[in-house]
$ cat structure.cif   # mmCIF, N, CA and C atoms
data_final
loop_
_atom_site.label_atom_id
_atom_site.label_comp_id
_atom_site.auth_asym_id
_atom_site.auth_seq_id
_atom_site.Cartn_x
_atom_site.Cartn_y
_atom_site.Cartn_z
N MET O 211 5.93 33.56 54.73
CA MET O 211 5.71 32.74 53.55
C MET O 211 4.87 33.53 52.55
N SER O 212 5.38 33.66 51.31
CA SER O 212 4.67 34.44 50.30
C SER O 212 3.77 33.54 49.47
N GLY O 213 2.69 34.13 49.00
CA GLY O 213 1.76 33.41 48.15
C GLY O 213 1.61 34.11 46.82
N ILE O 214 0.82 33.52 45.98
CA ILE O 214 0.57 34.10 44.66
C ILE O 214 -0.54 35.13 44.76
N GLN O 215 -0.30 36.28 44.15
CA GLN O 215 -1.31 37.33 44.01
C GLN O 215 -1.80 37.29 42.57
N TRP O 216 -3.09 37.12 42.37
CA TRP O 216 -3.65 37.06 41.02
C TRP O 216 -4.06 38.46 40.59
N ILE O 217 -3.58 38.87 39.42
CA ILE O 217 -3.84 40.20 38.88
C ILE O 217 -4.56 40.05 37.53
N LYS O 218 -5.70 40.72 37.41
CA LYS O 218 -6.43 40.71 36.15
C LYS O 218 -5.67 41.57 35.15
N VAL O 219 -5.38 40.98 33.97
CA VAL O 219 -4.60 41.70 32.96
C VAL O 219 -5.38 41.98 31.68
N GLY O 220 -6.64 41.55 31.63
CA GLY O 220 -7.45 41.85 30.46
C GLY O 220 -8.51 40.81 30.20
N GLN O 221 -9.16 40.99 29.07
CA GLN O 221 -10.17 40.05 28.58
C GLN O 221 -9.52 39.16 27.52
N VAL O 222 -10.05 37.97 27.33
CA VAL O 222 -9.51 37.06 26.31
C VAL O 222 -9.42 37.77 24.96
N LYS O 223 -10.43 38.55 24.61
CA LYS O 223 -10.46 39.23 23.32
C LYS O 223 -9.33 40.24 23.14
N ASP O 224 -8.69 40.66 24.23
CA ASP O 224 -7.59 41.63 24.17
C ASP O 224 -6.29 41.02 23.67
N PHE O 225 -6.18 39.70 23.69
CA PHE O 225 -4.93 39.01 23.38
C PHE O 225 -5.01 38.35 22.01
N PRO O 226 -3.98 38.53 21.18
CA PRO O 226 -4.03 37.92 19.85
C PRO O 226 -3.97 36.39 19.93
N ALA O 227 -4.75 35.75 19.07
CA ALA O 227 -4.70 34.29 18.98
C ALA O 227 -3.33 33.87 18.48
N ASP O 228 -2.74 32.89 19.14
CA ASP O 228 -1.43 32.34 18.76
C ASP O 228 -0.35 33.41 18.71
N GLY O 229 -0.39 34.30 19.71
CA GLY O 229 0.61 35.34 19.82
C GLY O 229 0.69 35.87 21.23
N GLY O 230 1.49 36.91 21.40
CA GLY O 230 1.72 37.47 22.72
C GLY O 230 1.38 38.94 22.81
N LEU O 231 1.27 39.40 24.06
CA LEU O 231 0.99 40.80 24.35
C LEU O 231 1.68 41.13 25.66
N CYS O 232 2.30 42.29 25.73
CA CYS O 232 2.97 42.73 26.95
C CYS O 232 1.96 43.47 27.83
N VAL O 233 1.97 43.14 29.13
CA VAL O 233 1.13 43.83 30.10
C VAL O 233 2.02 44.29 31.25
N GLN O 234 1.53 45.29 31.96
CA GLN O 234 2.21 45.75 33.17
C GLN O 234 1.46 45.14 34.35
N ALA O 235 2.16 44.38 35.17
CA ALA O 235 1.54 43.77 36.35
C ALA O 235 2.58 43.73 37.46
N ALA O 236 2.21 44.20 38.64
CA ALA O 236 3.10 44.21 39.80
C ALA O 236 4.44 44.87 39.46
N GLN O 237 4.38 45.99 38.75
CA GLN O 237 5.56 46.77 38.36
C GLN O 237 6.55 45.97 37.51
N ARG O 238 6.03 45.02 36.74
CA ARG O 238 6.85 44.21 35.83
C ARG O 238 6.20 44.22 34.45
N GLN O 239 7.05 44.09 33.43
CA GLN O 239 6.53 43.84 32.09
C GLN O 239 6.45 42.32 31.93
N ILE O 240 5.23 41.85 31.70
CA ILE O 240 5.00 40.41 31.56
C ILE O 240 4.41 40.13 30.19
N ALA O 241 4.97 39.14 29.52
CA ALA O 241 4.47 38.71 28.21
C ALA O 241 3.42 37.63 28.44
N ILE O 242 2.22 37.85 27.95
CA ILE O 242 1.13 36.87 28.06
C ILE O 242 0.91 36.28 26.66
N PHE O 243 0.88 34.96 26.59
CA PHE O 243 0.72 34.27 25.31
C PHE O 243 -0.57 33.48 25.29
N ASN O 244 -1.38 33.74 24.27
CA ASN O 244 -2.60 32.98 24.02
C ASN O 244 -2.25 31.96 22.93
N PHE O 245 -1.86 30.77 23.35
CA PHE O 245 -1.48 29.72 22.41
C PHE O 245 -2.76 28.96 22.04
N GLU O 246 -3.57 29.63 21.23
CA GLU O 246 -4.92 29.14 20.91
C GLU O 246 -4.91 27.77 20.25
N ARG O 247 -3.92 27.52 19.38
CA ARG O 247 -3.85 26.20 18.70
C ARG O 247 -3.76 25.07 19.70
N ARG O 248 -3.16 25.32 20.84
CA ARG O 248 -3.01 24.30 21.89
C ARG O 248 -4.08 24.41 22.96
N GLY O 249 -4.83 25.52 22.96
CA GLY O 249 -5.81 25.75 24.01
C GLY O 249 -5.15 26.05 25.35
N GLU O 250 -3.98 26.73 25.32
CA GLU O 250 -3.22 27.00 26.53
C GLU O 250 -2.79 28.47 26.59
N TRP O 251 -2.55 28.94 27.80
CA TRP O 251 -2.05 30.29 28.05
C TRP O 251 -0.75 30.18 28.81
N PHE O 252 0.18 31.11 28.56
CA PHE O 252 1.48 31.13 29.22
C PHE O 252 1.85 32.58 29.53
N ALA O 253 2.74 32.75 30.51
CA ALA O 253 3.25 34.09 30.84
C ALA O 253 4.71 33.97 31.23
N THR O 254 5.50 34.94 30.76
CA THR O 254 6.93 35.02 31.08
C THR O 254 7.30 36.48 31.28
N ASP O 255 8.50 36.72 31.81
CA ASP O 255 9.02 38.08 31.77
C ASP O 255 9.08 38.51 30.31
N ASN O 256 8.88 39.79 30.06
CA ASN O 256 8.97 40.30 28.70
C ASN O 256 10.42 40.58 28.30
N GLN O 257 11.31 40.65 29.27
CA GLN O 257 12.71 40.97 29.00
C GLN O 257 13.49 39.72 28.59
N CYS O 258 14.09 39.78 27.41
CA CYS O 258 14.95 38.69 26.95
C CYS O 258 16.19 38.63 27.84
N PRO O 259 16.48 37.49 28.45
CA PRO O 259 17.66 37.41 29.33
C PRO O 259 18.98 37.42 28.57
N HIS O 260 18.93 37.27 27.25
CA HIS O 260 20.14 37.26 26.44
C HIS O 260 20.70 38.67 26.27
N LYS O 261 19.88 39.60 25.79
CA LYS O 261 20.35 40.97 25.54
C LYS O 261 19.54 42.02 26.31
N GLN O 262 18.70 41.59 27.23
CA GLN O 262 17.90 42.46 28.10
C GLN O 262 16.99 43.43 27.34
N GLN O 263 16.49 43.02 26.20
CA GLN O 263 15.54 43.85 25.46
C GLN O 263 14.12 43.41 25.82
N MET O 264 13.22 44.38 25.95
CA MET O 264 11.82 44.10 26.25
C MET O 264 11.11 43.73 24.96
N ALA O 265 11.18 42.45 24.61
CA ALA O 265 10.69 42.05 23.30
C ALA O 265 10.04 40.67 23.24
N ILE O 266 10.09 39.91 24.30
CA ILE O 266 9.63 38.52 24.24
C ILE O 266 8.17 38.41 23.79
N SER O 267 7.33 39.36 24.19
CA SER O 267 5.91 39.30 23.81
C SER O 267 5.70 39.37 22.29
N ARG O 268 6.70 39.88 21.58
CA ARG O 268 6.60 39.99 20.11
C ARG O 268 7.21 38.79 19.40
N GLY O 269 7.67 37.81 20.18
CA GLY O 269 8.29 36.62 19.60
C GLY O 269 7.29 35.66 19.00
N MET O 270 7.79 34.80 18.13
CA MET O 270 6.95 33.76 17.52
C MET O 270 6.84 32.58 18.47
N ILE O 271 5.63 32.02 18.58
CA ILE O 271 5.44 30.84 19.41
C ILE O 271 5.28 29.62 18.52
N GLY O 272 5.63 28.49 19.08
CA GLY O 272 5.55 27.24 18.34
C GLY O 272 5.83 26.08 19.27
N SER O 273 6.21 24.95 18.68
CA SER O 273 6.48 23.73 19.46
C SER O 273 7.90 23.28 19.21
N HIS O 274 8.49 22.67 20.24
CA HIS O 274 9.89 22.25 20.21
C HIS O 274 10.00 20.75 20.44
N GLY O 275 10.77 20.08 19.59
CA GLY O 275 11.11 18.67 19.81
C GLY O 275 9.97 17.69 19.60
N THR O 276 10.28 16.44 19.87
CA THR O 276 9.31 15.38 19.64
C THR O 276 8.16 15.41 20.65
N ASP O 277 8.39 16.04 21.81
CA ASP O 277 7.31 16.14 22.80
C ASP O 277 6.47 17.41 22.60
N CYS O 278 6.78 18.18 21.55
CA CYS O 278 6.02 19.38 21.18
C CYS O 278 5.90 20.39 22.32
N GLU O 279 7.00 20.61 23.03
CA GLU O 279 7.01 21.57 24.13
C GLU O 279 6.73 22.97 23.59
N PRO O 280 5.81 23.73 24.22
CA PRO O 280 5.54 25.09 23.75
C PRO O 280 6.74 25.98 23.97
N LYS O 281 7.03 26.84 22.97
CA LYS O 281 8.21 27.70 23.05
C LYS O 281 7.91 29.06 22.45
N VAL O 282 8.81 30.01 22.77
CA VAL O 282 8.78 31.33 22.16
C VAL O 282 10.21 31.64 21.72
N ALA O 283 10.33 32.32 20.58
CA ALA O 283 11.64 32.75 20.06
C ALA O 283 11.74 34.26 20.19
N CYS O 284 12.85 34.73 20.75
CA CYS O 284 13.09 36.17 20.84
C CYS O 284 13.09 36.73 19.41
N PRO O 285 12.35 37.82 19.15
CA PRO O 285 12.28 38.34 17.79
C PRO O 285 13.60 38.95 17.29
N PHE O 286 14.51 39.27 18.19
CA PHE O 286 15.77 39.88 17.78
C PHE O 286 16.91 38.88 17.62
N HIS O 287 17.03 37.95 18.56
CA HIS O 287 18.21 37.09 18.59
C HIS O 287 17.91 35.63 18.32
N LYS O 288 16.64 35.30 18.19
CA LYS O 288 16.18 33.94 17.84
C LYS O 288 16.50 32.89 18.91
N LYS O 289 16.89 33.32 20.11
CA LYS O 289 17.02 32.35 21.20
C LYS O 289 15.62 31.86 21.52
N THR O 290 15.47 30.57 21.75
CA THR O 290 14.15 30.02 22.04
C THR O 290 14.08 29.59 23.51
N PHE O 291 12.88 29.77 24.08
CA PHE O 291 12.66 29.50 25.49
C PHE O 291 11.39 28.67 25.67
N SER O 292 11.42 27.76 26.62
CA SER O 292 10.24 26.99 26.98
C SER O 292 9.20 27.92 27.61
N LEU O 293 7.97 27.82 27.16
CA LEU O 293 6.91 28.59 27.79
C LEU O 293 6.44 27.92 29.08
N GLN O 294 6.81 26.66 29.28
CA GLN O 294 6.41 25.95 30.49
C GLN O 294 7.28 26.30 31.68
N ASP O 295 8.61 26.33 31.49
CA ASP O 295 9.49 26.57 32.63
C ASP O 295 10.55 27.65 32.38
N GLY O 296 10.57 28.25 31.19
CA GLY O 296 11.46 29.36 30.90
C GLY O 296 12.89 29.02 30.51
N ARG O 297 13.25 27.74 30.52
CA ARG O 297 14.64 27.41 30.19
C ARG O 297 14.92 27.67 28.71
N CYS O 298 16.19 28.00 28.44
CA CYS O 298 16.61 28.28 27.08
C CYS O 298 16.70 26.95 26.32
N LEU O 299 16.04 26.87 25.19
CA LEU O 299 16.05 25.66 24.37
C LEU O 299 17.11 25.73 23.29
N SER O 300 17.86 26.84 23.24
CA SER O 300 18.91 27.02 22.24
C SER O 300 20.27 26.55 22.73
N GLY O 301 20.30 25.89 23.88
CA GLY O 301 21.56 25.35 24.39
C GLY O 301 22.37 26.32 25.22
N ASP O 302 21.80 27.46 25.57
CA ASP O 302 22.51 28.45 26.37
C ASP O 302 21.98 28.40 27.81
N GLY O 303 22.66 29.07 28.72
CA GLY O 303 22.29 29.05 30.13
C GLY O 303 21.28 30.11 30.53
N PHE O 304 20.62 30.74 29.58
CA PHE O 304 19.65 31.78 29.88
C PHE O 304 18.35 31.18 30.41
N GLN O 305 17.60 31.98 31.20
CA GLN O 305 16.35 31.51 31.78
C GLN O 305 15.36 32.66 31.82
N LEU O 306 14.13 32.41 31.38
CA LEU O 306 13.04 33.37 31.51
C LEU O 306 12.23 33.02 32.75
N LYS O 307 11.81 34.01 33.50
CA LYS O 307 10.90 33.75 34.61
C LYS O 307 9.51 33.50 34.01
N THR O 308 8.84 32.49 34.53
CA THR O 308 7.48 32.18 34.08
C THR O 308 6.49 32.46 35.20
N TYR O 309 5.23 32.66 34.82
CA TYR O 309 4.16 32.96 35.76
C TYR O 309 2.95 32.10 35.41
N PRO O 310 2.15 31.74 36.41
CA PRO O 310 0.91 31.02 36.11
C PRO O 310 -0.12 31.96 35.49
N VAL O 311 -0.96 31.42 34.64
CA VAL O 311 -2.04 32.17 33.99
C VAL O 311 -3.32 31.37 34.17
N LYS O 312 -4.42 32.08 34.42
CA LYS O 312 -5.72 31.43 34.44
C LYS O 312 -6.73 32.31 33.71
N VAL O 313 -7.72 31.65 33.13
CA VAL O 313 -8.80 32.36 32.45
C VAL O 313 -10.10 31.96 33.13
N GLU O 314 -10.82 32.97 33.61
CA GLU O 314 -12.10 32.76 34.26
C GLU O 314 -13.10 33.75 33.71
N ARG O 315 -14.22 33.25 33.20
CA ARG O 315 -15.29 34.09 32.65
C ARG O 315 -14.75 35.13 31.66
N ASP O 316 -13.89 34.66 30.75
CA ASP O 316 -13.29 35.51 29.71
C ASP O 316 -12.34 36.57 30.24
N GLU O 317 -11.95 36.48 31.52
CA GLU O 317 -10.96 37.38 32.09
C GLU O 317 -9.64 36.63 32.22
N VAL O 318 -8.53 37.30 31.87
CA VAL O 318 -7.21 36.69 31.94
C VAL O 318 -6.50 37.23 33.19
N TRP O 319 -5.97 36.29 33.98
CA TRP O 319 -5.29 36.62 35.23
C TRP O 319 -3.89 36.04 35.21
N VAL O 320 -2.93 36.79 35.76
CA VAL O 320 -1.56 36.29 35.90
C VAL O 320 -1.23 36.27 37.39
N GLY O 321 -0.52 35.23 37.81
CA GLY O 321 -0.13 35.11 39.21
C GLY O 321 1.30 35.56 39.43
N VAL O 322 1.49 36.47 40.37
CA VAL O 322 2.82 36.95 40.71
C VAL O 322 3.05 36.77 42.21
N GLU O 323 4.31 36.62 42.59
CA GLU O 323 4.63 36.48 44.02
C GLU O 323 5.09 37.79 44.59
#
$ encode --input "structure.cif" --output "structure tokens"
Amino acid sequence: MSGIQWIKVGQVKDFPADGGLCVQAAQRQIAIFNFERRGEWFATDNQCPHKQQMAISRGMIGSHGTDCEPKVACPFHKKTFSLQDGRCLSGDGFQLKTYPVKVERDEVWVGVE
């Protein structure tokens, strides 16, 4: 049975407010999002599942629908993905892998299996 391994990926100050940054963790490129307006952090694969470009961390974040679900838009193809569960919000069958994020004493950690 596998568990989550928490990896320190930086300090809060290293991440742009209301934006993303790509980090290398567990031999993966992971996009970490500091959604400061919401007071929340999110992490997904950095690779867009649509065209396999390493670009998700450079996407714009915002809210989707009446329930204001947090989302990110691929900067190249404008496909949008839920930051909560990675599903494509543009009506396509694409899926981003998501990871848990925690902030402790101004340190940002991502959980990988």
$ resolve_selection --input "structure.cif" --expression "the PyMOL selection byres ((chain O and resi 235-249) around 8)" --output "PyMOL selection string"
chain O and resi 217-219+225-234+250-257+264-268+271-272+322
$ select_by_dssp --input "structure.cif" --residues "chain O" --states "strand (DSSP E or B)" --output "number ranges by chain"
O: 215-221, 229-235, 238-245, 250-255, 257, 264, 270-274, 279-283, 290-292, 297-298, 305, 308-309, 311-314, 317-322
$ atom_distance --input "structure.cif" --atom1 "atom CA of O:Gln305" --atom2 "atom CA of O:Gly321"
18.4 Å
$ resolve_selection --input "structure.cif" --expression "the PyMOL selection byres ((chain O and resi 293) around 8)" --output "list of chain:residue names"
O:Trp251, O:Phe252, O:Ala253, O:Thr254, O:Glu279, O:Pro280, O:Lys281, O:Val282, O:Thr290, O:Phe291, O:Ser292, O:Gln294, O:Asp295, O:Gly296, O:Arg297, O:Thr308, O:Tyr309
$ closest_residue --input "structure.cif" --among "O:Lys307, O:Lys312, O:His287, O:Lys223" --to "O:His260" --atoms "only C-alpha atoms"
O:His287
$ atom_distance --input "structure.cif" --atom1 "atom N of O:Asp302" --atom2 "atom C of O:Ser273"
15.8 Å
$ atom_distance --input "structure.cif" --atom1 "atom C of O:Cys258" --atom2 "atom CA of O:Cys278"
22.8 Å
$ resolve_selection --input "structure.cif" --expression "the PyMOL selection byres ((chain O and resi 313-317) around 5)" --output "PyMOL selection string"
chain O and resi 220-222+311-312+318-319
$ axis_aligned_box --input "structure.cif" --around "stretch 231-239 of chain O" --padding-each-side "6 Å" --output "JSON"
{"center_x": 4.0, "center_y": 43.1, "center_z": 31.9, "size_x": 18.1, "size_y": 19.4, "size_z": 27.7}
